[in-house]
Amino acid sequence: MEMAKAYSPAENEKRIYKFWEDNGYFKPIIKKGEKPFTIIMPPPNANDNLHIGHARFVFVEDILTRYWRMKGRPTLWVPGADHAGIETQYVFEKKLAKEGKSRFDYDRDTLYQMIWDYVVDNRNNMENQLRALGASCDWSRGKYTLDPAIVKVVYRTFNKLFKDDLIYRGERVVNYCVRCGTAFSQLEVDYKEQDDKLYYLDYGTVTIATTRPETIFADVAVAVNPKDKKLGSLVGKIATIPLIGREVPIIADELVEIGFGTGALKVTPAHDATDYEIGQKHNLPLISIISKEGKMQNVPEEYVGLRPKAARELTIKRLEEAKLLTKTEDLHHSVGKCYRCNTVIEPLLEDQWFIKVEKLAESALSAIENKQTTFNARKFEKTAMHWLTNLRDWNISRQIVWGIRIPAWHCAGCNKWTITAGEVPPTCTHCGSSKLTQDKDTFDTWFSSGQWPFAALEVNSKEDFDYFYPTTVMETAADILPFWVIRMMMLGIYETGETPFENVVLHGLVRDKQGLKISKSKGNVIDPVEMVDKYGSDALRMSLVWGALIENDVAVSEENIKGQKHFANKVWNAARFVLMNLEDYKIVSRETIEKELTQADKDILIKYESTLKVVTKAIEGYKLSIAAESVYSFFWHDFCDIYIENAKTRIQDNDKSKVAAQHTLDYVLRNSLRMLHPFMPFLTETIWEELKEEKPLIISLWPK
RNA sequence: GGGCGCCUAGCUCAGUUGGUUAGAGCAUCUCGUUUACACCGAGAGGGUCAGAGGUUCGAAUCCUCUGGCGCCCACCA
């Protein structure tokens with residue numbers, strides 16, 4: 001077959017992918033007693049197209065997978081799709097809003113089904129995009145975070161945690177968005193700087209400063225720092241809440257910052273996280289004055305039903321009238337806003353499920369200390385350890401519909417909770433009453449996705465779990481290290497007794513040519529699917545791996561991708577040249593032409609050996625940019641520019657060393673294609689077809 | 001306030017445990033219409049390695065300080 005003059009990705013990629021997939025090359029060949037290489041893909045959101053960041057991690061994982069497959073190791077890469085909880089519900093709600101609807105127009109089950117259908121369509125789309133990128137993952141083992149079997153595992157874990165007394169229901173100050181009607185974890189709150197007023201109020205014995213005078217009705221104490229020279233002597237005395245005249249104690253607590261305002265803090269445990277902590281320490285009561293609808297309650301008549309903002313204005317007015325407002329000053333500070341709708345977050349008391357994290361965190365920490373789990377960069381290990389030593393109890397309740405509903409039933413008879421492993425309990429386990437209502441909340445997605453590595457394997461089969469767990473590599477975005485990676489470690493160790501992955505490989509962001517963050521508003525979005533259509537998947541892959549270590553951010557531009565397409569074409573043409581010059585050549589062994597080898601032959605063979613060593617070592621150390629650059633430089637500059645030019649004349653002149661040249665061309669080409677395959681799988685497999693090898697390149701062995 | 005990083009050629013980045021004249025891609029400039037490839041080839045210019053001090057026979061690399069930049073977390077009421 002005549003090779004075309006230029007390589008056409010469009011004509012080959014789909015065909016090649018289908019060939020691989022249809023022949024089952026992505027499925028591992030299990031060899032008992034041999035240590036497999038396993039990656040569980042961080043499941044992309046099933047609610048949108050893949051973006052350029054997805055492409056980078058897919059390529060990184062695919063390179064590792066293809067490399068180890070070629071090393072002959074049983075290799076499994078499990079794909080997945082994530083329901084993505086609030087993320088998806090938010091996207092869907094925006095879609096509803098465009099149609100003039102809101103989620104409150106539907107009952108819970110209808111809404112759930114609507115989102116489900118929406119996600120199913122997008123999931124197919126997302127998976128086909130993964131195929132276009134060339135992902136050599138085992139589709140037969142693909143999982144979705146809401147697969148019934150996965151959900152069952154999540155229930156089981158919750159139930160086990162509960163039985164082990166690691167789950168409790170606690171009234172806590174949570175970050176509540178009265179507009180979304182949900183509490184958020186601290187991670188979901190955006191702190192934004194803004195200008196406010198700081199009001200100084202007369203509490204009799206002491207003056208306090210606050211930005212939220214409307215919460216004085218919920219005050220239960222005034223606190224000062226015990227080390228405060230000016231105010232320390234007040235401890236033990238009484239302060240009087242203005243307007244209502246209630247007397248509260250003055251207490252000492254180190255959380256109070258000396259020098260802020262007057263140095264005295266009004267303590268409002270029901271509406272501020274710090275105050276809650278102080279309140280717990282000092283056994284103070286809780287007075288809740290803001291409802292979940294964001295309205296005032298348990299306050300003097302004229303304030304009842306007001307929004308906090310209106311209540312604040314009225315309070316200030318009354319304080320001024322009573323001459324209890326001594327001073328007002330400007331304050332620039334940060335305020336928690338809902339990360340979805342930008343509404344000011346109200347710290348409110350709410351019953352939530354919590355996980356006691358201390359023991360779980362300790363086990364994860366020791367797995368890191370004992371090197372059972374290692375990181376591709378020291379900085380990530382430091383970050384993980386820092387988080388694990390500073391974690392607070394984990395609130396896993398979310399007030400959204402789209403997610404896994406918590407298997408907990410509240411009894412109207414005895415007011416206690418019945419927890420199951422998913423099945424509906426006929427009666428309350430405490431009092432036998434049948435007046436049970438299921439908690440309306442769903443799990444925090446990190447709780448379910450924190451179980452992903454073992455869950456995705458065990459729901460496939462027990463054999464899979466036994467063989468492939470613990471996994472070899474967890475490759476994901478560096479920014480979700482604290483949210484996801486350490487939680488997988490905690491829950492994985494808890495459920496299985498083993499760390500879920502041996503190596504954590506984290507990657508940085510994809511940025512634009514200038515190193516700026518990519519965003520729709522900046523207009524610098526690079527669509528991976530469009531790039532694949534234009535330049536080929538291999539070119540996109542090289543451009544995303546090239547130029548920066550994977551743990552760092554990488555800058556890409558269309559010119560980079562175009563440049564790598566040129567390289568693909570270079571490889572294609574080099575192969576074309578070699579094949580044209582091998583028409584009268586029959587493969588001979590090195591020994592038979594040993595004496596005919598010229599210096600040029602020896603040079604390129606030595607260079608090839610050293611490149612192979614560098615590339616191999618770099619891949620195994622996750623230095624993929626080094627590996628890609630080495631093989632690129634070798635192939636283009638050493639092989640094409642120098643060696644082929646040398647061999648060209650010897651063959652054309654029918655030199656006595658012609659066969660040695662042909663042998664060397666053939667040898668270096670074949671082995672270079674192997675070395676290049678993880679980085680340019682479609683191109684190399686397409687060329688490989690011309691070489692009439694027994695086995696396709698994808699399952700050929702990595703050169704030794 | 002706490003944590004983690006970064007500053008190397010015009011741009012984006014490499015530089016492993018300190019060891020010759022500090023590298024790559026892109027960009028720039030000069031030359032070349034060579035039948036594998038113009039999606040090409042030959043060659044060139046370009047860096048006080050942020051600054052200062054220290055350790056050392058030797059520092060981009062280790063230590064201290066200063067300056068600038070970034071990300072993450074946080075209980076500034």
# chains A, B, ... in the order shown; residues from 1 in each chain; ligands from 1

call {"tool": "select_by_dssp", "arguments": {"residues": "segment 289-333 of chain A", "states": "alpha helix (DSSP H)", "output": "PyMOL selection string"}}
result
chain A and resi 308-321

call {"tool": "write_last_selection", "arguments": {"atoms": "N, CA and C atoms", "output": "JSON list (two decimals), in the first residue's frame"}}
result
[["chain", "number", "residue", "atom", "x", "y", "z"],
["A", 308, "PRO", "N", -32.77, 39.87, 57.80],
["A", 308, "PRO", "CA", -31.70, 40.36, 58.65],
["A", 308, "PRO", "C", -31.25, 41.78, 58.30],
["A", 309, "LYS", "N", -31.23, 42.09, 57.02],
["A", 309, "LYS", "CA", -30.76, 43.41, 56.61],
["A", 309, "LYS", "C", -31.69, 44.51, 57.11],
["A", 310, "ALA", "N", -32.99, 44.26, 56.98],
["A", 310, "ALA", "CA", -33.97, 45.23, 57.46],
["A", 310, "ALA", "C", -33.93, 45.31, 58.98],
["A", 311, "ALA", "N", -33.74, 44.16, 59.60],
["A", 311, "ALA", "CA", -33.65, 44.11, 61.06],
["A", 311, "ALA", "C", -32.45, 44.91, 61.54],
["A", 312, "ARG", "N", -31.38, 44.86, 60.76],
["A", 312, "ARG", "CA", -30.19, 45.61, 61.14],
["A", 312, "ARG", "C", -30.48, 47.11, 61.14],
["A", 313, "GLU", "N", -31.14, 47.58, 60.10],
["A", 313, "GLU", "CA", -31.46, 49.00, 60.02],
["A", 313, "GLU", "C", -32.34, 49.46, 61.18],
["A", 314, "LEU", "N", -33.33, 48.62, 61.49],
["A", 314, "LEU", "CA", -34.22, 48.97, 62.59],
["A", 314, "LEU", "C", -33.47, 48.97, 63.92],
["A", 315, "THR", "N", -32.61, 47.99, 64.10],
["A", 315, "THR", "CA", -31.84, 47.90, 65.34],
["A", 315, "THR", "C", -30.98, 49.15, 65.51],
["A", 316, "ILE", "N", -30.32, 49.54, 64.43],
["A", 316, "ILE", "CA", -29.47, 50.72, 64.51],
["A", 316, "ILE", "C", -30.29, 51.96, 64.88],
["A", 317, "LYS", "N", -31.45, 52.04, 64.27],
["A", 317, "LYS", "CA", -32.33, 53.19, 64.56],
["A", 317, "LYS", "C", -32.69, 53.23, 66.05],
["A", 318, "ARG", "N", -33.08, 52.07, 66.57],
["A", 318, "ARG", "CA", -33.47, 52.00, 67.99],
["A", 318, "ARG", "C", -32.28, 52.28, 68.90],
["A", 319, "LEU", "N", -31.10, 51.78, 68.49],
["A", 319, "LEU", "CA", -29.90, 52.01, 69.30],
["A", 319, "LEU", "C", -29.55, 53.49, 69.33],
["A", 320, "GLU", "N", -29.68, 54.13, 68.19],
["A", 320, "GLU", "CA", -29.41, 55.57, 68.14],
["A", 320, "GLU", "C", -30.36, 56.33, 69.04],
["A", 321, "GLU", "N", -31.63, 55.96, 68.95],
["A", 321, "GLU", "CA", -32.64, 56.62, 69.79],
["A", 321, "GLU", "C", -32.31, 56.45, 71.27]]

call {"tool": "residues_around", "arguments": {"residues": "segment 58-72 of chain B", "least_positions_apart": "5", "cutoff": "7 Å", "atoms": "only C-alpha atoms (C1' of nucleotides)", "output": "CSV table (one decimal) with C-alpha atoms (C1' of nucleotides), in the first residue's frame"}}
result
chain,number,residue,atom,x,y,z
B,6,C,C1',7.1,30.6,41.9
B,8,U,C1',16.3,30.9,34.6
B,18,G,C1',25.8,21.4,44.2
B,49,C,C1',19.7,32.1,36.6

call {"tool": "closest_atom_pairs", "arguments": {"of": "chain B", "to": "chain A", "cutoff": "12 Å", "atoms": "only C-alpha atoms (C1' of nucleotides)", "output": "CSV"}}
result
residue,atom,partner,partner_atom,distance
B:G1,C1',A:Glu257,CA,10.8
B:G2,C1',A:His386,CA,10.6
B:G3,C1',A:His386,CA,7.4
B:C4,C1',A:Lys379,CA,6.5
B:G5,C1',A:Lys379,CA,7.9
B:C6,C1',A:Asn552,CA,10.5
B:C11,C1',A:Gln514,CA,7.6
B:U12,C1',A:Ala555,CA,6.2
B:C13,C1',A:Gly547,CA,5.5
B:A14,C1',A:Ala548,CA,7.6
B:G15,C1',A:Ile626,CA,10.9
B:U16,C1',A:Ala618,CA,10.5
B:G23,C1',A:Glu629,CA,12.0
B:A24,C1',A:Glu629,CA,7.9
B:G25,C1',A:Gly547,CA,7.3
B:C26,C1',A:Asn560,CA,7.7
B:A27,C1',A:Glu559,CA,11.3
B:U34,C1',A:Glu645,CA,10.5
B:U35,C1',A:Phe577,CA,11.0
B:A36,C1',A:Phe577,CA,4.1
B:C37,C1',A:Asn573,CA,5.3
B:A38,C1',A:His566,CA,11.2
B:C39,C1',A:His566,CA,4.4
B:C40,C1',A:Lys570,CA,9.1
B:G41,C1',A:Asp641,CA,8.0
B:A42,C1',A:Asp641,CA,10.3
B:G70,C1',A:Leu516,CA,11.2
B:C71,C1',A:Asp479,CA,8.9
B:C72,C1',A:Asp479,CA,7.9
B:C73,C1',A:Trp387,CA,9.0
B:A74,C1',A:Gln186,CA,9.9
B:C75,C1',A:Thr274,CA,4.4
B:C76,C1',A:Phe260,CA,7.2
B:A77,C1',A:Thr210,CA,5.7

call {"tool": "atom_distance", "arguments": {"atom1": "atom CA of Pro249 of chain A", "atom2": "atom CA of Val220 of chain A"}}
result
7.7 Å

call {"tool": "closest_residue", "arguments": {"among": "B:U30, B:A22, B:U17, B:C7", "to": "G51 of chain B", "atoms": "only C-alpha atoms (C1' of nucleotides)"}}
result
B:C7

call {"tool": "select_by_dssp", "arguments": {"residues": "segment 317-530 of chain A", "states": "strand (DSSP E)", "output": "JSON, numbers by chain"}}
result
{"A": [325, 326, 327, 328, 329, 330, 331, 332, 333, 334, 335, 336, 337, 338, 346, 347, 348, 349, 350, 351, 352, 353, 354, 355, 374, 375, 394, 395, 397, 398, 408, 409, 410, 411, 417, 418, 419, 436, 437, 438, 442, 443, 471, 472, 473, 474, 475, 476, 477, 501, 502, 503, 504, 505, 506, 507, 510, 511]}

call {"tool": "decode", "arguments": {"residues": "segment 35-51 of chain B", "atoms": "N, CA and C atoms (P, O5', C5', C4', C3', O3' and C1' of nucleotides)", "output": "short mmCIF file (atom, residue, chain, number, x, y, z; two decimals), in the first residue's frame"}}
result
data_model
loop_
_atom_site.label_atom_id
_atom_site.label_comp_id
_atom_site.auth_asym_id
_atom_site.auth_seq_id
_atom_site.Cartn_x
_atom_site.Cartn_y
_atom_site.Cartn_z
P U B 35 14.25 17.48 -4.58
"O5'" U B 35 14.10 16.22 -3.61
"C5'" U B 35 12.89 15.97 -2.92
"C4'" U B 35 12.24 14.71 -3.44
"C3'" U B 35 13.05 13.43 -3.23
"O3'" U B 35 12.87 12.93 -1.92
"C1'" U B 35 12.23 13.46 -5.43
P A B 36 13.67 11.79 -1.27
"O5'" A B 36 12.65 11.31 -0.14
"C5'" A B 36 11.43 10.66 -0.48
"C4'" A B 36 10.42 10.89 0.62
"C3'" A B 36 10.14 12.36 0.92
"O3'" A B 36 9.11 12.85 0.08
"C1'" A B 36 10.59 11.20 2.94
P C B 37 9.04 14.41 -0.31
"O5'" C B 37 8.58 15.10 1.05
"C5'" C B 37 7.25 14.95 1.53
"C4'" C B 37 7.16 15.52 2.92
"C3'" C B 37 7.55 17.00 3.04
"O3'" C B 37 6.44 17.82 2.72
"C1'" C B 37 8.59 15.75 4.77
P A B 38 6.56 18.98 1.69
"O5'" A B 38 7.17 20.22 2.51
"C5'" A B 38 6.60 20.64 3.76
"C4'" A B 38 6.84 22.14 3.92
"C3'" A B 38 6.10 23.01 2.91
"O3'" A B 38 5.42 24.06 3.59
"C1'" A B 38 8.41 23.50 2.89
P C B 39 4.03 23.71 4.35
"O5'" C B 39 4.51 22.97 5.69
"C5'" C B 39 4.62 23.65 6.98
"C4'" C B 39 4.92 22.58 8.00
"C3'" C B 39 5.88 21.56 7.39
"O3'" C B 39 7.22 21.62 7.86
"C1'" C B 39 3.80 20.51 8.08
P C B 40 7.91 21.71 9.09
"O5'" C B 40 9.28 21.00 8.70
"C5'" C B 40 9.28 19.75 8.02
"C4'" C B 40 10.45 19.67 7.05
"C3'" C B 40 11.77 20.22 7.55
"O3'" C B 40 12.41 19.34 8.44
"C1'" C B 40 11.42 20.94 5.34
P G B 41 13.39 19.89 9.52
"O5'" G B 41 14.69 20.24 8.67
"C5'" G B 41 15.41 19.20 8.03
"C4'" G B 41 16.49 19.76 7.16
"C3'" G B 41 17.51 20.64 7.87
"O3'" G B 41 18.48 19.86 8.54
"C1'" G B 41 16.84 21.69 5.88
P A B 42 19.27 20.46 9.76
"O5'" A B 42 20.25 21.49 9.04
"C5'" A B 42 21.35 21.04 8.28
"C4'" A B 42 22.18 22.21 7.85
"C3'" A B 42 22.66 23.11 8.99
"O3'" A B 42 23.84 22.62 9.58
"C1'" A B 42 21.71 24.43 7.29
P G B 43 24.09 22.81 11.13
"O5'" G B 43 24.04 24.39 11.31
"C5'" G B 43 25.21 25.15 11.18
"C4'" G B 43 24.93 26.62 11.03
"C3'" G B 43 24.69 27.45 12.28
"O3'" G B 43 25.86 27.66 13.03
"C1'" G B 43 23.29 28.19 10.53
P A B 44 25.77 28.04 14.58
"O5'" A B 44 25.23 29.54 14.52
"C5'" A B 44 26.05 30.56 13.98
"C4'" A B 44 25.32 31.88 14.06
"C3'" A B 44 24.91 32.33 15.46
"O3'" A B 44 26.00 32.91 16.14
"C1'" A B 44 23.11 32.64 13.95
P G B 45 26.09 32.87 17.72
"O5'" G B 45 25.17 34.11 18.13
"C5'" G B 45 25.50 35.42 17.67
"C4'" G B 45 24.29 36.31 17.82
"C3'" G B 45 23.75 36.40 19.24
"O3'" G B 45 24.47 37.36 20.00
"C1'" G B 45 21.97 36.01 17.74
P G B 46 24.92 37.02 21.47
"O5'" G B 46 23.53 37.07 22.24
"C5'" G B 46 22.76 38.28 22.26
"C4'" G B 46 21.37 37.97 22.76
"C3'" G B 46 21.33 37.24 24.10
"O3'" G B 46 21.41 38.17 25.16
"C1'" G B 46 19.88 36.18 22.56
P G B 47 22.62 38.06 26.18
"O5'" G B 47 21.94 37.45 27.47
"C5'" G B 47 20.65 37.88 27.90
"C4'" G B 47 20.27 37.07 29.11
"C3'" G B 47 21.31 37.10 30.23
"O3'" G B 47 21.03 38.17 31.10
"C1'" G B 47 20.47 34.88 29.84
P U B 48 22.10 39.16 31.55
"O5'" U B 48 22.69 38.47 32.86
"C5'" U B 48 24.03 38.61 33.13
"C4'" U B 48 24.32 37.97 34.46
"C3'" U B 48 23.10 37.76 35.37
"O3'" U B 48 23.25 36.55 36.05
"C1'" U B 48 24.52 39.45 36.27
P C B 49 22.93 35.53 36.79
"O5'" C B 49 21.50 35.15 36.20
"C5'" C B 49 20.30 35.58 36.89
"C4'" C B 49 19.32 34.45 36.81
"C3'" C B 49 18.97 33.83 38.15
"O3'" C B 49 17.57 33.78 38.23
"C1'" C B 49 19.70 32.14 36.63
P A B 50 16.86 33.90 39.64
"O5'" A B 50 16.48 35.44 39.78
"C5'" A B 50 16.19 36.23 38.65
"C4'" A B 50 15.96 37.65 39.13
"C3'" A B 50 16.99 38.14 40.14
"O3'" A B 50 18.11 38.72 39.49
"C1'" A B 50 14.82 38.49 41.01
P G B 51 19.59 38.53 40.15
"O5'" G B 51 19.52 39.51 41.40
"C5'" G B 51 19.43 40.91 41.20
"C4'" G B 51 19.41 41.61 42.54
"C3'" G B 51 20.52 41.19 43.50
"O3'" G B 51 21.73 41.90 43.25
"C1'" G B 51 18.46 41.15 44.63
#
